[in-house]
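Comments concern the structure below.
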Amino acid sequence: MIKVPKWADYIINKLQEKNFEAYAVGGCVRDSLLSKEPNDWDITTSAKPEDTMKIFEALGHKVIPTGIKHGTVTVIAEKIPYEITTFRVDGDYSDGRHPDKVEFTDDLREDLSRRDFTINAMAYNLKNGLVDYFKGKQDLDNKIIRCVGNANERFNEDALRMLRAVRFSAQLGFKLQEETGAAIKKNHALIKNVSKERIQIEINKILLSDNPDYIAKLNEYKLLEDVMPEYSVCFDCRQNNPYHIYNVGVHIQNSIKYIEQNLALRLTMLFHDIGKPLCKTTDEKGIDHFYAHAAKSSDMAEEILRNLKYDNDTIRKVITLVKFHDAELNSAKQIRKVLSKIGEENFIDLLKVKEADISAQNPKKHEDRYEKMALIKDTFSKIIEEKDCFKLKDLKVNGRDLMELGMRNGKLVGSTLNKLLEIVIEKPELNDREKLLSYVRKNL
């Protein structure tokens, strides 16, 4: 049995007391049947928006006409918002995203028939139980994502539904019903009608799901051609190299599974090798190489992320980690150099990226590479423990010290401090005030 929370049940009962139909609907019903805690409870009703507002304002509740044109008002109960939408039938979708108009109806079946997938087209109240005209419960039990009615019509109404289908598949671990998958392939170009912001949201939800590797299903259903063609071509790029057994696309897909549920880190794995197809060379022995692919991938990641309207902090984090994901860290000096460029927090994440990258490579090479990672971690820990200097603020001299030596040019002071940092990164024991000032007197 579905347990409707106190205030959602209260709203349904108050509408029923006024002789209107009212049900919990959509995602909250789906999640309840899956024994998951719903994020929110949406309510659908035969009451017109003005009737709903009148009923709950009379009961002393704040009511907001959030989408009254489309039949939606929001009732605030104990500071929790509940969206209440009138049964409706959508008109044509000339922009491939929003209905040109909506018409209200008294028929719950008509309202549910306009929804995207059967698992989202169920309604429930205590009086009538589960209302499931389109076998959504059966599809939940069979772990199937299936469109309500004609899949081609559903996707032509709202192209974002194609991405949502893959997203629900990733979040729930479900398969797409054959007809639904075929309709996505047929209509994939319609995704161009959807805003970049909405596409970004769906990509994020896929990447943050328990099945982030399902991002590659966008290629299977041809959506990747329009959403991220730079990744699409990676599936055609073989890697004849001792460290790899997969093409670039599959390697990327697998690497995402091996990193924690953090958006910036999963985006990093998505983009870390995306430049490889443009950097591929093959030597006289037939071995493939991808020189400078990290820098190329970083540049491409920045362009893609900006196009998809990601925030600047996320972009900076991802392109930094992508740029350095292939950096050599074979010595304390190399580690200090990278630390000086990206900082301690990013370096810790860089180690996670490197491990995920290794995990998606040739298993025969894992043992050696994991041993190498263990040595890197030990060396990094010692650098932090011993407080080796790898940033300007930890130098034992500062700008004031240099000015006291007679330096007056600000640019010269800055370049001198950077030169001293380079020296200290090479030889940490030289991070001594007198030694550094002596070096400046003799050499600069």
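Chain lettering (A, B, ...) mirrors the order of the structure tokens, residue numbering begins at 1 for each chain separately, and ligand numbering begins at 1 in order of display.
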Determine, using only C-alpha atoms, which residues of range 370-407 of chain A have any atom at most 12 Å from an atom of range 431-439 of chain A, and tabulate each with its shortest atom pair and distance in Å to one decimal place, rows ordered by chain and then rising number, as a Markdown table.
```
| residue | atom | partner | partner_atom | distance |
| --- | --- | --- | --- | --- |
| A:Lys387 | CA | A:Asn431 | CA | 10.7 |
| A:Asp388 | CA | A:Asn431 | CA | 8.5 |
| A:Cys389 | CA | A:Asn431 | CA | 7.2 |
| A:Phe390 | CA | A:Asn431 | CA | 10.2 |
| A:Lys391 | CA | A:Asn431 | CA | 11.3 |
| A:Leu392 | CA | A:Asn431 | CA | 11.0 |
| A:Lys393 | CA | A:Asn431 | CA | 11.8 |
| A:Asp394 | CA | A:Asn431 | CA | 8.8 |
| A:Leu395 | CA | A:Asn431 | CA | 6.4 |
| A:Lys396 | CA | A:Arg433 | CA | 5.0 |
| A:Val397 | CA | A:Arg433 | CA | 5.7 |
| A:Asn398 | CA | A:Arg433 | CA | 9.4 |
| A:Gly399 | CA | A:Leu437 | CA | 11.4 |
| A:Arg400 | CA | A:Leu437 | CA | 11.7 |
| A:Asp401 | CA | A:Leu437 | CA | 8.1 |
| A:Leu402 | CA | A:Leu437 | CA | 7.9 |
| A:Met403 | CA | A:Leu437 | CA | 11.3 |
| A:Glu404 | CA | A:Leu437 | CA | 10.5 |
| A:Leu405 | CA | A:Leu437 | CA | 8.5 |
| A:Gly406 | CA | A:Leu437 | CA | 11.9 |
```
Close residues, Gln16 in chain A itself excluded, 12 Å, only C-alpha atoms, min 2 positions apart in chain, as a ChimeraX atom specification:
/A:9-14,18-23,44-47,52,55,125-128
Residues from last step as file, N, CA and C atoms, as a short mmCIF file (atom, residue, chain, number, x, y, z; two decimals), in the first residue's frame:
```
data_model
loop_
_atom_site.label_atom_id
_atom_site.label_comp_id
_atom_site.auth_asym_id
_atom_site.auth_seq_id
_atom_site.Cartn_x
_atom_site.Cartn_y
_atom_site.Cartn_z
N ASP A 9 -2.28 13.98 1.77
CA ASP A 9 -3.57 13.31 1.99
C ASP A 9 -4.64 14.33 2.39
N TYR A 10 -4.24 15.30 3.20
CA TYR A 10 -5.16 16.37 3.62
C TYR A 10 -5.68 17.14 2.40
N ILE A 11 -4.79 17.48 1.48
CA ILE A 11 -5.19 18.24 0.27
C ILE A 11 -6.15 17.41 -0.58
N ILE A 12 -5.82 16.13 -0.76
CA ILE A 12 -6.70 15.25 -1.54
C ILE A 12 -8.07 15.16 -0.89
N ASN A 13 -8.11 14.99 0.43
CA ASN A 13 -9.39 14.87 1.15
C ASN A 13 -10.22 16.15 1.05
N LYS A 14 -9.58 17.30 1.16
CA LYS A 14 -10.32 18.57 1.09
C LYS A 14 -10.94 18.77 -0.29
N LYS A 18 -15.23 18.55 -1.47
CA LYS A 18 -15.95 19.51 -2.33
C LYS A 18 -16.42 18.85 -3.63
N ASN A 19 -16.44 17.49 -3.62
CA ASN A 19 -16.93 16.69 -4.75
C ASN A 19 -16.06 16.75 -6.01
N PHE A 20 -14.77 17.01 -5.79
CA PHE A 20 -13.81 16.93 -6.90
C PHE A 20 -13.00 15.64 -6.76
N GLU A 21 -12.53 15.13 -7.89
CA GLU A 21 -11.59 14.01 -7.85
C GLU A 21 -10.21 14.58 -7.54
N ALA A 22 -9.40 13.79 -6.85
CA ALA A 22 -8.03 14.22 -6.55
C ALA A 22 -7.18 13.00 -6.26
N TYR A 23 -5.96 13.02 -6.79
CA TYR A 23 -5.03 11.89 -6.66
C TYR A 23 -3.59 12.38 -6.53
N THR A 44 -3.11 15.71 -8.76
CA THR A 44 -3.92 16.06 -9.93
C THR A 44 -5.39 16.01 -9.51
N THR A 45 -6.18 16.89 -10.09
CA THR A 45 -7.57 17.03 -9.64
C THR A 45 -8.49 17.47 -10.77
N SER A 46 -9.76 17.16 -10.60
CA SER A 46 -10.76 17.64 -11.57
C SER A 46 -11.15 19.09 -11.28
N ALA A 47 -10.74 19.61 -10.11
CA ALA A 47 -11.05 21.01 -9.77
C ALA A 47 -10.28 21.97 -10.68
N THR A 52 -9.55 25.40 -6.84
CA THR A 52 -8.51 24.95 -5.90
C THR A 52 -8.04 26.11 -5.04
N ILE A 55 -10.72 27.05 -2.43
CA ILE A 55 -10.86 26.08 -1.34
C ILE A 55 -9.76 26.27 -0.29
N ASN A 125 -5.15 7.38 -4.73
CA ASN A 125 -5.69 7.93 -3.49
C ASN A 125 -6.23 6.78 -2.67
N LEU A 126 -6.46 7.05 -1.40
CA LEU A 126 -6.87 5.98 -0.48
C LEU A 126 -8.25 5.43 -0.86
N LYS A 127 -9.09 6.29 -1.39
CA LYS A 127 -10.47 5.90 -1.72
C LYS A 127 -10.53 4.93 -2.89
N ASN A 128 -9.78 5.22 -3.96
CA ASN A 128 -9.85 4.42 -5.19
C ASN A 128 -8.66 3.49 -5.39
#
```
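You will find CA of Ile206 in chain A at 17.6 Å from CA of His272 in chain A.
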Using DSSP secondary structure from the backbone, list all strand (DSSP E) positions within range 106-299 of chain A, as a PyMOL selection string.
chain A and resi 123-125+129-131+144-145+175-176+281-282+288-289
Output N, CA and C atoms for every residue in the selection just made, as a JSON list (two decimals), in the first residue's frame.
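Result file follows (result.json):
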```
[["chain", "number", "residue", "atom", "x", "y", "z"],
["A", 123, "ALA", "N", -1.86, 7.04, -10.87],
["A", 123, "ALA", "CA", -2.42, 7.94, -9.85],
["A", 123, "ALA", "C", -2.89, 7.09, -8.66],
["A", 124, "TYR", "N", -3.00, 7.75, -7.51],
["A", 124, "TYR", "CA", -3.38, 7.00, -6.31],
["A", 124, "TYR", "C", -4.08, 7.91, -5.31],
["A", 125, "ASN", "N", -5.15, 7.38, -4.73],
["A", 125, "ASN", "CA", -5.69, 7.93, -3.49],
["A", 125, "ASN", "C", -6.23, 6.78, -2.67],
["A", 129, "GLY", "N", -7.64, 3.65, -4.57],
["A", 129, "GLY", "CA", -6.45, 2.83, -4.75],
["A", 129, "GLY", "C", -5.63, 3.27, -5.94],
["A", 130, "LEU", "N", -4.88, 2.35, -6.53],
["A", 130, "LEU", "CA", -4.00, 2.65, -7.65],
["A", 130, "LEU", "C", -4.80, 2.70, -8.95],
["A", 131, "VAL", "N", -4.66, 3.80, -9.67],
["A", 131, "VAL", "CA", -5.28, 3.92, -11.00],
["A", 131, "VAL", "C", -4.16, 3.79, -12.03],
["A", 144, "ILE", "N", 10.96, -1.92, -17.12],
["A", 144, "ILE", "CA", 10.87, -1.44, -18.50],
["A", 144, "ILE", "C", 10.49, 0.04, -18.53],
["A", 145, "ILE", "N", 11.16, 0.82, -19.39],
["A", 145, "ILE", "CA", 10.74, 2.20, -19.68],
["A", 145, "ILE", "C", 9.97, 2.17, -20.98],
["A", 175, "LYS", "N", 15.48, -1.24, -18.62],
["A", 175, "LYS", "CA", 15.72, -1.26, -20.06],
["A", 175, "LYS", "C", 14.65, -0.45, -20.77],
["A", 176, "LEU", "N", 15.00, 0.09, -21.94],
["A", 176, "LEU", "CA", 14.01, 0.77, -22.76],
["A", 176, "LEU", "C", 13.25, -0.27, -23.57],
["A", 281, "THR", "N", 48.09, 8.72, -33.47],
["A", 281, "THR", "CA", 49.12, 8.37, -34.45],
["A", 281, "THR", "C", 49.45, 6.89, -34.27],
["A", 282, "THR", "N", 49.97, 6.27, -35.31],
["A", 282, "THR", "CA", 50.33, 4.85, -35.26],
["A", 282, "THR", "C", 51.78, 4.70, -35.68],
["A", 288, "ASP", "N", 49.30, 2.29, -31.43],
["A", 288, "ASP", "CA", 48.66, 3.61, -31.45],
["A", 288, "ASP", "C", 49.17, 4.47, -30.28],
["A", 289, "HIS", "N", 49.38, 5.75, -30.57],
["A", 289, "HIS", "CA", 49.78, 6.72, -29.55],
["A", 289, "HIS", "C", 48.85, 7.93, -29.61]]
```
Among the residues of range 99-296 of chain A, find those DSSP assigns to helix (DSSP H, G or I) from the backbone and print them as an MDAnalysis selection string.
chainID A and resid 108:113 118:120 136:142 151:157 160:172 178:193 196:207 212:220 224:227 229:236 248:257 263:271 276:279 293:296
